[in-house]
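For reference, entry-v2.txt is printed below; it contains compact mmCIF, C-alpha atoms (C1' of nucleotides).
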# COMPACT_ATOMS: atom_id res chain seq x y z
CA MET V 1 12.47 5.90 -6.55
CA VAL V 2 10.26 7.65 -4.08
CA THR V 3 8.64 5.51 -1.41
CA GLU V 4 4.98 5.71 -0.34
CA ARG V 5 5.97 7.16 2.95
CA GLU V 6 8.09 9.84 1.33
CA GLU V 7 5.05 10.79 -0.73
CA ASP V 8 3.08 11.17 2.49
CA TYR V 9 5.74 13.37 4.03
CA LEU V 10 6.08 15.49 0.91
CA LYS V 11 2.34 15.97 0.75
CA VAL V 12 2.01 17.23 4.31
CA VAL V 13 5.11 19.39 4.07
CA GLN V 14 3.61 21.09 1.04
CA GLU V 15 0.29 21.48 2.82
CA LEU V 16 1.92 23.04 5.85
CA LEU V 17 3.92 25.38 3.65
CA ASP V 18 0.70 26.45 1.95
CA GLU V 19 -1.06 26.94 5.28
CA LYS V 20 1.58 28.64 7.35
CA GLY V 21 4.48 29.46 5.11
CA TYR V 22 6.94 27.38 7.08
CA VAL V 23 7.28 23.90 8.50
CA ARG V 24 8.28 22.63 11.92
CA VAL V 25 9.24 19.08 12.70
CA LYS V 26 6.60 19.18 15.39
CA ASP V 27 3.80 19.89 12.92
CA VAL V 28 4.73 17.11 10.57
CA SER V 29 5.05 14.84 13.56
CA LYS V 30 1.52 15.80 14.59
CA SER V 31 0.05 15.51 11.08
CA LEU V 32 1.43 12.07 10.46
CA ASP V 33 1.21 10.90 14.04
CA VAL V 34 4.83 9.87 14.27
CA SER V 35 7.52 10.89 16.73
CA PRO V 36 9.63 13.99 16.08
CA SER V 37 12.73 11.87 15.76
CA SER V 38 11.13 9.94 12.93
CA VAL V 39 10.48 13.20 11.14
CA THR V 40 14.06 14.37 11.55
CA GLU V 41 15.32 11.09 10.25
CA MET V 42 13.00 11.16 7.25
CA PHE V 43 13.99 14.74 6.53
CA GLN V 44 17.60 13.66 6.40
CA ARG V 45 16.80 10.83 4.03
CA MET V 46 14.70 13.06 1.79
CA ASP V 47 17.39 15.70 1.75
CA ASP V 48 19.88 13.08 0.63
CA SER V 49 17.46 11.92 -2.05
CA GLY V 50 17.00 15.46 -3.25
CA TYR V 51 13.31 15.90 -2.49
CA ILE V 52 13.74 18.62 0.11
CA ASN V 53 16.25 21.17 1.28
CA TYR V 54 16.74 20.65 4.95
CA GLU V 55 19.13 22.09 7.45
CA LYS V 56 19.29 21.12 11.08
CA TYR V 57 17.16 23.21 13.40
CA GLY V 58 16.20 25.23 10.37
CA GLY V 59 13.55 25.35 7.72
CA VAL V 60 12.45 22.88 5.13
CA THR V 61 11.62 23.61 1.53
CA LEU V 62 10.77 21.33 -1.34
CA THR V 63 13.03 20.92 -4.33
CA ASP V 64 11.48 20.93 -7.78
CA SER V 65 11.29 17.19 -7.81
CA GLY V 66 9.81 17.20 -4.31
CA LYS V 67 7.21 19.73 -5.38
CA GLU V 68 6.27 17.67 -8.39
CA ILE V 69 5.81 14.56 -6.27
CA ALA V 70 3.76 16.47 -3.69
CA ARG V 71 1.59 17.97 -6.41
CA SER V 72 0.95 14.74 -8.23
CA THR V 73 0.29 12.84 -5.02
CA LYS V 74 -2.23 15.40 -3.92
CA GLU V 75 -3.85 15.41 -7.33
CA LYS V 76 -4.24 11.65 -7.23
CA TYR V 77 -5.66 11.89 -3.77
CA GLY V 78 -8.26 14.39 -4.92
CA VAL V 79 -9.33 12.30 -7.87
CA ILE V 80 -9.77 9.19 -5.80
CA ARG V 81 -11.58 10.90 -2.97
CA ASP V 82 -14.00 12.61 -5.35
CA PHE V 83 -14.57 9.40 -7.19
CA LEU V 84 -15.40 7.45 -4.05
CA GLN V 85 -17.71 10.14 -2.82
CA ILE V 86 -19.62 10.11 -6.08
CA LEU V 87 -20.26 6.43 -5.52
CA GLY V 88 -21.62 7.29 -2.10
CA VAL V 89 -18.72 6.46 0.19
CA ASP V 90 -18.84 8.86 3.10
CA GLU V 91 -16.29 11.61 3.36
CA LYS V 92 -14.26 10.21 6.20
CA MET V 93 -13.83 6.81 4.60
CA ALA V 94 -13.27 8.25 1.12
CA ASP V 95 -10.51 10.29 2.65
CA GLU V 96 -8.93 7.40 4.44
CA ASP V 97 -9.01 5.15 1.42
CA ALA V 98 -7.78 7.84 -0.92
CA CYS V 99 -4.72 8.34 1.31
CA LYS V 100 -3.82 4.71 0.85
CA ILE V 101 -4.75 4.23 -2.77
CA GLU V 102 -3.08 7.40 -4.01
CA HIS V 103 0.26 5.64 -3.81
CA VAL V 104 -0.51 2.55 -5.78
CA LEU V 105 -2.77 3.25 -8.75
CA THR V 106 -1.54 2.79 -12.30
CA PRO V 107 -1.84 5.89 -14.48
CA GLU V 108 -4.36 4.05 -16.60
CA THR V 109 -6.74 3.45 -13.73
CA LEU V 110 -6.21 6.92 -12.43
CA LYS V 111 -7.22 8.27 -15.79
CA THR V 112 -10.37 6.20 -15.75
CA LEU V 113 -11.36 7.50 -12.33
CA THR V 114 -10.60 11.05 -13.41
CA LYS V 115 -12.74 10.72 -16.50
CA PHE V 116 -15.50 9.14 -14.50
CA ALA V 117 -15.64 12.00 -12.03
CA GLU V 118 -15.61 14.46 -14.91
CA PHE V 119 -18.36 12.52 -16.63
CA ILE V 120 -20.55 12.89 -13.56
CA ASN V 121 -19.60 16.39 -12.57
CA LYS V 122 -19.88 18.11 -15.91
CA ASN V 123 -23.60 17.53 -15.70
CA LYS V 124 -25.43 19.95 -13.48
CA LYS V 125 -27.72 17.34 -12.01
CA SER V 126 -26.48 13.94 -11.01
CA PRO V 127 -27.55 11.30 -13.49
CA VAL V 128 -30.57 9.12 -12.88
CA TRP V 129 -28.64 5.89 -12.86
CA LEU V 130 -26.58 7.12 -9.96
CA ASP V 131 -29.73 7.60 -7.92
CA HIS V 132 -30.69 4.13 -9.01
CA PHE V 133 -27.40 2.77 -7.81
CA ARG V 134 -27.75 4.50 -4.46
CA TYR V 135 -31.22 3.07 -4.15
CA TYR V 136 -29.88 -0.36 -4.96
CA TYR V 137 -27.13 0.11 -2.41
CA GLU V 138 -29.64 0.90 0.32
CA THR V 139 -32.38 -1.57 -0.49
CA GLY V 140 -30.95 -4.20 -2.81
CA GLN V 141 -33.72 -3.43 -5.27
CA TYR V 142 -33.68 -1.98 -8.75
CA ILE V 143 -35.54 1.02 -10.06
CA GLY V 144 -36.36 1.07 -13.78
CA GLU V 145 -38.02 -1.21 -16.34
CA ASN V 146 -34.89 -2.98 -17.53
CA SER V 147 -34.22 -4.67 -14.34
CA MET V 148 -37.55 -5.06 -12.54
CA THR V 149 -38.19 -8.58 -11.54
CA SER V 150 -41.53 -8.09 -9.80
CA ASP V 151 -44.35 -5.91 -11.01
CA GLN V 152 -44.10 -3.95 -7.81
CA CYS V 153 -42.34 -0.68 -8.35
CA PRO V 154 -39.91 -0.03 -5.52
CA VAL V 155 -40.18 3.73 -5.80
CA HIS V 156 -43.79 4.26 -4.80
CA GLY V 157 -44.91 0.74 -4.18
CA LYS V 158 -47.55 0.83 -6.89
CA LYS V 159 -48.13 -1.67 -9.65
CA LYS V 160 -46.36 -0.86 -12.89
CA GLN V 161 -48.68 -0.53 -15.81
CA SER V 162 -47.82 -3.10 -18.44
CA MET Q 1 -2.19 -7.98 13.00
CA VAL Q 2 -1.48 -9.41 9.61
CA THR Q 3 0.76 -7.43 7.29
CA GLU Q 4 0.05 -6.72 3.62
CA ARG Q 5 2.86 -8.97 2.59
CA GLU Q 6 1.58 -11.80 4.72
CA GLU Q 7 -1.75 -11.42 2.96
CA ASP Q 8 0.04 -11.78 -0.36
CA TYR Q 9 1.83 -14.89 0.77
CA LEU Q 10 -1.34 -16.42 2.20
CA LYS Q 11 -3.20 -15.74 -1.01
CA VAL Q 12 -0.66 -17.45 -3.24
CA VAL Q 13 -0.20 -20.35 -0.86
CA GLN Q 14 -3.94 -20.95 -0.98
CA GLU Q 15 -3.96 -20.65 -4.75
CA LEU Q 16 -1.13 -23.15 -5.11
CA LEU Q 17 -2.88 -25.52 -2.75
CA ASP Q 18 -6.00 -25.26 -4.87
CA GLU Q 19 -4.07 -25.79 -8.08
CA LYS Q 20 -1.68 -28.56 -7.16
CA GLY Q 21 -2.61 -29.77 -3.73
CA TYR Q 22 0.75 -28.91 -2.20
CA VAL Q 23 3.14 -26.01 -1.97
CA ARG Q 24 6.86 -25.74 -2.57
CA VAL Q 25 9.01 -22.86 -1.46
CA LYS Q 26 10.14 -22.62 -5.06
CA ASP Q 27 6.63 -22.02 -6.37
CA VAL Q 28 5.86 -19.25 -3.93
CA SER Q 29 9.24 -17.77 -4.71
CA LYS Q 30 8.32 -17.80 -8.39
CA SER Q 31 4.81 -16.44 -7.90
CA LEU Q 32 5.89 -13.52 -5.79
CA ASP Q 33 9.22 -13.02 -7.51
CA VAL Q 34 11.25 -13.18 -4.33
CA SER Q 35 14.17 -15.40 -3.40
CA PRO Q 36 13.58 -18.82 -1.84
CA SER Q 37 15.25 -17.70 1.35
CA SER Q 38 12.73 -14.91 1.70
CA VAL Q 39 9.94 -17.43 1.42
CA THR Q 40 11.47 -19.69 4.04
CA GLU Q 41 11.87 -16.77 6.38
CA MET Q 42 8.32 -15.59 5.83
CA PHE Q 43 7.04 -19.12 6.36
CA GLN Q 44 8.79 -19.15 9.72
CA ARG Q 45 7.24 -15.85 10.71
CA MET Q 46 3.78 -16.88 9.58
CA ASP Q 47 4.10 -20.16 11.42
CA ASP Q 48 4.99 -18.24 14.57
CA SER Q 49 2.02 -15.95 14.01
CA GLY Q 50 -0.25 -18.92 13.57
CA TYR Q 51 -1.30 -18.36 9.97
CA ILE Q 52 0.30 -21.50 8.57
CA ASN Q 53 1.61 -24.84 9.70
CA TYR Q 54 5.11 -25.17 8.41
CA GLU Q 55 7.83 -27.69 8.95
CA LYS Q 56 11.29 -27.49 7.48
CA TYR Q 57 11.71 -29.23 4.14
CA GLY Q 58 8.12 -30.28 4.48
CA GLY Q 59 4.70 -29.12 3.49
CA VAL Q 60 2.77 -26.01 4.27
CA THR Q 61 -0.88 -25.81 5.19
CA LEU Q 62 -3.02 -22.89 6.27
CA THR Q 63 -4.49 -22.65 9.72
CA ASP Q 64 -8.10 -21.58 10.07
CA SER Q 65 -7.10 -18.01 10.59
CA GLY Q 66 -4.73 -18.20 7.63
CA LYS Q 67 -7.50 -19.62 5.48
CA GLU Q 68 -9.84 -16.88 6.48
CA ILE Q 69 -7.31 -14.20 5.62
CA ALA Q 70 -6.53 -15.83 2.27
CA ARG Q 71 -10.21 -16.10 1.47
CA SER Q 72 -11.09 -12.57 2.37
CA THR Q 73 -8.05 -11.17 0.59
CA LYS Q 74 -8.93 -13.04 -2.55
CA GLU Q 75 -12.54 -11.94 -2.29
CA LYS Q 76 -11.50 -8.32 -2.02
CA TYR Q 77 -9.21 -8.75 -4.96
CA GLY Q 78 -12.05 -10.14 -7.05
CA VAL Q 79 -14.40 -7.34 -6.17
CA ILE Q 80 -11.89 -4.65 -7.02
CA ARG Q 81 -10.75 -6.23 -10.23
CA ASP Q 82 -14.32 -6.71 -11.45
CA PHE Q 83 -15.20 -3.19 -10.49
CA LEU Q 84 -12.29 -1.68 -12.37
CA GLN Q 85 -13.01 -3.76 -15.43
CA ILE Q 86 -16.59 -2.58 -15.46
CA LEU Q 87 -15.31 0.95 -15.64
CA GLY Q 88 -13.22 -0.07 -18.62
CA VAL Q 89 -9.78 -0.53 -17.10
CA ASP Q 90 -8.02 -3.27 -19.03
CA GLU Q 91 -7.54 -6.65 -17.48
CA LYS Q 92 -3.83 -6.41 -16.86
CA MET Q 93 -4.05 -3.06 -15.11
CA ALA Q 94 -7.19 -3.97 -13.22
CA ASP Q 95 -5.31 -6.97 -11.96
CA GLU Q 96 -2.26 -5.04 -10.96
CA ASP Q 97 -4.22 -2.35 -9.15
CA ALA Q 98 -6.48 -4.84 -7.43
CA CYS Q 99 -3.44 -6.60 -5.99
CA LYS Q 100 -2.36 -3.39 -4.33
CA ILE Q 101 -5.71 -2.02 -3.31
CA GLU Q 102 -7.00 -5.25 -1.83
CA HIS Q 103 -4.89 -4.62 1.24
CA VAL Q 104 -5.99 -1.15 2.09
CA LEU Q 105 -9.70 -0.62 1.48
CA THR Q 106 -12.08 0.07 4.34
CA PRO Q 107 -14.98 -2.37 4.60
CA GLU Q 108 -17.33 0.49 3.80
CA THR Q 109 -15.71 1.24 0.46
CA LEU Q 110 -15.39 -2.41 -0.33
CA LYS Q 111 -19.11 -2.79 0.20
CA THR Q 112 -19.78 0.08 -2.15
CA LEU Q 113 -17.66 -1.47 -4.89
CA THR Q 114 -19.30 -4.83 -4.33
CA LYS Q 115 -22.76 -3.35 -4.63
CA PHE Q 116 -21.75 -1.40 -7.68
CA ALA Q 117 -20.52 -4.50 -9.49
CA GLU Q 118 -23.71 -6.32 -8.49
CA PHE Q 119 -25.78 -3.41 -9.69
CA ILE Q 120 -24.17 -3.65 -13.11
CA ASN Q 121 -23.92 -7.40 -13.38
CA LYS Q 122 -27.39 -8.39 -12.31
CA ASN Q 123 -28.61 -6.84 -15.53
CA LYS Q 124 -28.08 -8.98 -18.59
CA LYS Q 125 -27.11 -6.08 -20.82
CA SER Q 126 -24.78 -3.36 -19.66
CA PRO Q 127 -26.65 -0.15 -18.92
CA VAL Q 128 -26.75 2.66 -21.41
CA TRP Q 129 -24.99 5.15 -19.18
CA LEU Q 130 -21.97 2.89 -19.03
CA ASP Q 131 -21.68 2.99 -22.80
CA HIS Q 132 -22.03 6.71 -22.49
CA PHE Q 133 -19.22 6.84 -20.02
CA ARG Q 134 -17.00 4.73 -22.22
CA TYR Q 135 -17.78 7.02 -25.10
CA TYR Q 136 -16.92 10.01 -22.97
CA TYR Q 137 -13.70 8.34 -21.92
CA GLU Q 138 -12.65 7.85 -25.55
CA THR Q 139 -13.81 11.10 -27.07
CA GLY Q 140 -14.45 13.55 -24.28
CA GLN Q 141 -17.97 14.05 -25.59
CA TYR Q 142 -21.35 13.26 -24.14
CA ILE Q 143 -24.09 11.20 -25.66
CA GLY Q 144 -27.69 11.93 -24.65
CA GLU Q 145 -29.99 14.96 -24.54
CA ASN Q 146 -29.19 15.99 -21.00
CA SER Q 147 -25.65 16.81 -21.72
CA MET Q 148 -25.47 17.68 -25.40
CA THR Q 149 -23.88 21.02 -25.94
CA SER Q 150 -23.93 21.06 -29.74
CA ASP Q 151 -26.72 19.89 -31.99
CA GLN Q 152 -24.36 17.44 -33.56
CA CYS Q 153 -25.00 13.95 -32.30
CA PRO Q 154 -21.69 12.31 -31.48
CA VAL Q 155 -22.99 8.82 -32.18
CA HIS Q 156 -23.64 9.01 -35.89
CA GLY Q 157 -22.64 12.55 -36.64
CA LYS Q 158 -26.13 13.53 -37.82
CA LYS Q 159 -28.21 16.48 -36.68
CA LYS Q 160 -30.53 15.74 -33.81
CA GLN Q 161 -34.16 16.34 -34.66
CA SER Q 162 -35.54 18.98 -32.33
C1' DT M 1 23.78 38.01 29.39
C1' DT M 2 22.54 34.08 31.09
C1' DG M 3 19.32 30.44 32.35
C1' DT M 4 15.22 27.82 31.16
C1' DG M 5 11.98 25.34 28.59
C1' DA M 6 10.51 23.90 24.19
C1' DA M 7 11.91 21.85 20.02
C1' DA M 8 14.98 19.19 17.42
C1' DT M 9 18.59 15.93 16.87
C1' DT M 10 21.46 11.86 17.75
C1' DA M 11 22.27 7.28 19.54
C1' DG M 12 20.77 2.96 19.91
C1' DT M 13 17.02 -0.60 19.04
C1' DT M 14 13.26 -2.99 16.83
C1' DG M 15 10.41 -5.22 13.16
C1' DC M 16 9.52 -6.21 8.46
C1' DA M 17 10.99 -7.72 4.12
C1' DT M 18 14.31 -8.49 1.26
C1' DA M 19 19.03 -10.26 -0.71
C1' DT M 20 23.45 -13.20 -1.35
C1' DA M 21 26.45 -16.89 -0.13
C1' DA M 22 27.17 -21.01 2.13
C1' DT M 23 25.33 -25.22 3.86
C1' DA M 24 22.12 -28.96 4.43
C1' DA M 25 18.46 -32.03 3.03
C1' DT M 26 15.84 -34.39 -0.35
C1' DT M 27 15.00 -36.53 -4.75
C1' DA M 28 16.37 -38.52 -8.92
C1' DT M 29 19.55 -41.04 -11.66
C1' DA M 30 23.30 -43.84 -13.09
C1' DT I 1 23.27 -47.49 -3.23
C1' DA I 2 26.17 -43.72 -4.15
C1' DT I 3 26.41 -39.59 -6.45
C1' DA I 4 24.50 -35.63 -8.83
C1' DA I 5 21.12 -32.21 -9.16
C1' DT I 6 17.50 -29.81 -7.18
C1' DT I 7 15.45 -27.64 -3.42
C1' DA I 8 15.41 -25.60 1.03
C1' DT I 9 17.53 -23.56 5.02
C1' DT I 10 20.75 -20.81 7.79
C1' DA I 11 23.87 -17.06 8.41
C1' DT I 12 24.68 -12.57 7.53
C1' DA I 13 23.68 -8.04 5.74
C1' DT I 14 20.87 -4.19 3.82
C1' DG I 15 17.19 -0.63 3.56
C1' DC I 16 13.08 1.46 5.29
C1' DA I 17 10.46 3.33 8.93
C1' DA I 18 9.43 3.57 13.29
C1' DC I 19 10.41 3.97 18.49
C1' DT I 20 12.54 5.60 23.29
C1' DA I 21 15.99 7.91 25.84
C1' DA I 22 19.60 11.04 26.03
C1' DT I 23 21.56 15.15 24.35
C1' DT I 24 21.91 19.45 21.93
C1' DT I 25 20.30 23.75 20.11
C1' DC I 26 17.53 27.77 20.03
C1' DA I 27 14.61 31.48 21.32
C1' DC I 28 12.95 34.10 24.86
C1' DA I 29 12.39 35.96 29.53
C1' DA I 30 14.42 37.43 33.69
Full structure transcribed into structure tokens:
Amino acid sequence: MVTEREEDYLKVVQELLDEKGYVRVKDVSKSLDVSPSSVTEMFQRMDDSGYINYEKYGGVTLTDSGKEIARSTKEKYGVIRDFLQILGVDEKMADEDACKIEHVLTPETLKTLTKFAEFINKNKKSPVWLDHFRYYYETGQYIGENSMTSDQCPVHGKKKQS
Amino acid sequence: MVTEREEDYLKVVQELLDEKGYVRVKDVSKSLDVSPSSVTEMFQRMDDSGYINYEKYGGVTLTDSGKEIARSTKEKYGVIRDFLQILGVDEKMADEDACKIEHVLTPETLKTLTKFAEFINKNKKSPVWLDHFRYYYETGQYIGENSMTSDQCPVHGKKKQS
DNA sequence: TTGTGAAATTAGTTGCATATAATAATTATA
DNA sequence: TATAATTATTATATGCAACTAATTTCACAA
């Protein structure tokens, strides 16, 4: 079974291949902020496991299974990042969290997040309740009749007419 | 810095203390599905790190810092599990995912999830849009004028009056 | 063609988390 | 209380993932 870290490596290798057409140990080392020797070692392991084709001092390519893992990992990442951003998490944090969570979500939960993002995005304008949530997030107060506890409307500060 | 696994151990130790008042190696071993020797070893490490007070063949208690980690880990877990269940993820999966995610979320994202759950729960009845989302999840179709693409209402299959 | 510098690899180590097998301590029971 | 059964601990080993230091390879310039 593929480890979380192998998923990380496969993801960046695929990204570098897409960007530049080839992959150096140095680049992966930079991307993942690990030493070059760690990259070499991981390459050897992943070659043994059949996720990449690696030859010393040479190039690296992904096997079919490596490609599939890279693809699905990146897809998960995208779903989670989008989802978090919809809820209002800022890009940097959404990114950071998505990189962690991508490895551990059950397919069921992933599907829910996917559907949720679709549900929001298929509408041109973002739904009212989402604005309401953002408002709640900022102020702790509700907008809308259902949930008003005072007769003071938080939107424009005027009395509601009852 | 505390590791993810240490957080797991601290959480179950606290839970067992709450449940039964004391903790056996055996119980932790059972809870986490690891061998007793692994538990002993981890207890030694966590004692060294100052998260628990441990003496051989004797009892285990949490230090203040251990308590704080257990508390905050459990709190995170609760927030995430609730959040996922609100979105419709079933209990078992929500649980499983929460146990993984609890270790890796940024405070920012955690706050967002917390607020979101509050936003939903402070209302007695679940908001309409959430039903709409659940409906979308099941059928792939939208309920509500904003997003209707046909004139067939997905709720009762009758024509909308225009 | 050969020497140099950058890049990559190997060798050796560490820390975390686990396991099995063997041993020791504790608790329960006859 | 002595013995049996349960529980816990040590000793030893494994796998993953990282590191530093030393070495090797490669590509390019002189």
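Atom to atom, C1' of DT1 in chain M and C1' of DT25 in chain I stand 17.4 Å apart.
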Proximity to DC26 in chain I - best of M:DA8, M:DT26, M:DT13, M:DG3, all atoms listed in the file:
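That would be M:DA8, the residue with the smallest distance to DC26 in chain I.
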Please provide as an MDAnalysis selection string all residues within 12 Å of DT14 in chain I, with the sequence filter that same-chain residues fewer than 2 positions apart are discarded (counting all atoms listed in the file).
(chainID M and resid 17:20) or (chainID I and resid 12 16)
Residue contacts of DA8 in chain I (9 Å, only C-alpha atoms (C1' of nucleotides)) excluding same-chain residues fewer than 6 positions away, as a PDB file with C-alpha atoms (C1' of nucleotides), keeping the file's coordinate frame:
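Output (out-v3.pdb):
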ATOM      1  CA  VAL Q  25       9.010 -22.860  -1.460  1.00  0.00           C
ATOM      2  CA  LYS Q  26      10.140 -22.620  -5.060  1.00  0.00           C
ATOM      3  CA  PRO Q  36      13.580 -18.820  -1.840  1.00  0.00           C
ATOM      4  CA  SER Q  37      15.250 -17.700   1.350  1.00  0.00           C
ATOM      5  CA  THR Q  40      11.470 -19.690   4.040  1.00  0.00           C
ATOM      6  CA  LYS Q  56      11.290 -27.490   7.480  1.00  0.00           C
ATOM      7  CA  TYR Q  57      11.710 -29.230   4.140  1.00  0.00           C
TER       8      TYR Q  57
ATOM      9  C1'  DA M  24      22.120 -28.960   4.430  1.00  0.00           C
ATOM     10  C1'  DA M  25      18.460 -32.030   3.030  1.00  0.00           C
ATOM     11  C1'  DT M  26      15.840 -34.390  -0.350  1.00  0.00           C
TER      12       DT M  26
END
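Residues from chain M found within 12 Å of chain V are DA6, DA7, DA8, DT9, DT10 and DA11 of chain M, counting only C-alpha atoms (C1' of nucleotides).
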Please build the interface table for chain V against chain I with a cut-off of 8 Å, listing for each qualifying residue the nearest atom pair and the distance in Å to one decimal; count all atoms listed in the file, order rows by chain and increasing number, and write it as JSON lines.
{"residue": "V:Val34", "atom": "CA", "partner": "I:DA18", "partner_atom": "C1'", "distance": 7.9}
{"residue": "V:Ser35", "atom": "CA", "partner": "I:DC19", "partner_atom": "C1'", "distance": 7.7}
{"residue": "V:Ser38", "atom": "CA", "partner": "I:DA18", "partner_atom": "C1'", "distance": 6.6}
{"residue": "V:Tyr57", "atom": "CA", "partner": "I:DT25", "partner_atom": "C1'", "distance": 7.4}
Have a look at CA of Ala70 in chain V and CA of Leu10 in chain V and let me know their distance in Å, one decimal.
5.2 Å
Output as a ChimeraX atom specification the set of chain V residues within 10 Å of chain Q, with distances taken over only C-alpha atoms.
/V:84-85,87-90,93-94,96-116,118-120,122-125,127-130,132-134,136-138,140-142,146-148
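Note that the spacing between CA of Asp64 in chain Q and CA of Met42 in chain Q amounts to 18.0 Å.
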9 Å contact set for Tyr22 in chain V, all atoms listed in the file, chain neighbours under 5 positions out, as a PyMOL selection string:
chain V and resi 13+16-17+59-61
Got a sec: who's within 7 Å of Thr73 in chain Q, counting all atoms listed in the file, leaving out chain neighbours fewer than 3 positions off, as a PyMOL selection string?
chain Q and resi 7+11+69-70+76-77+102
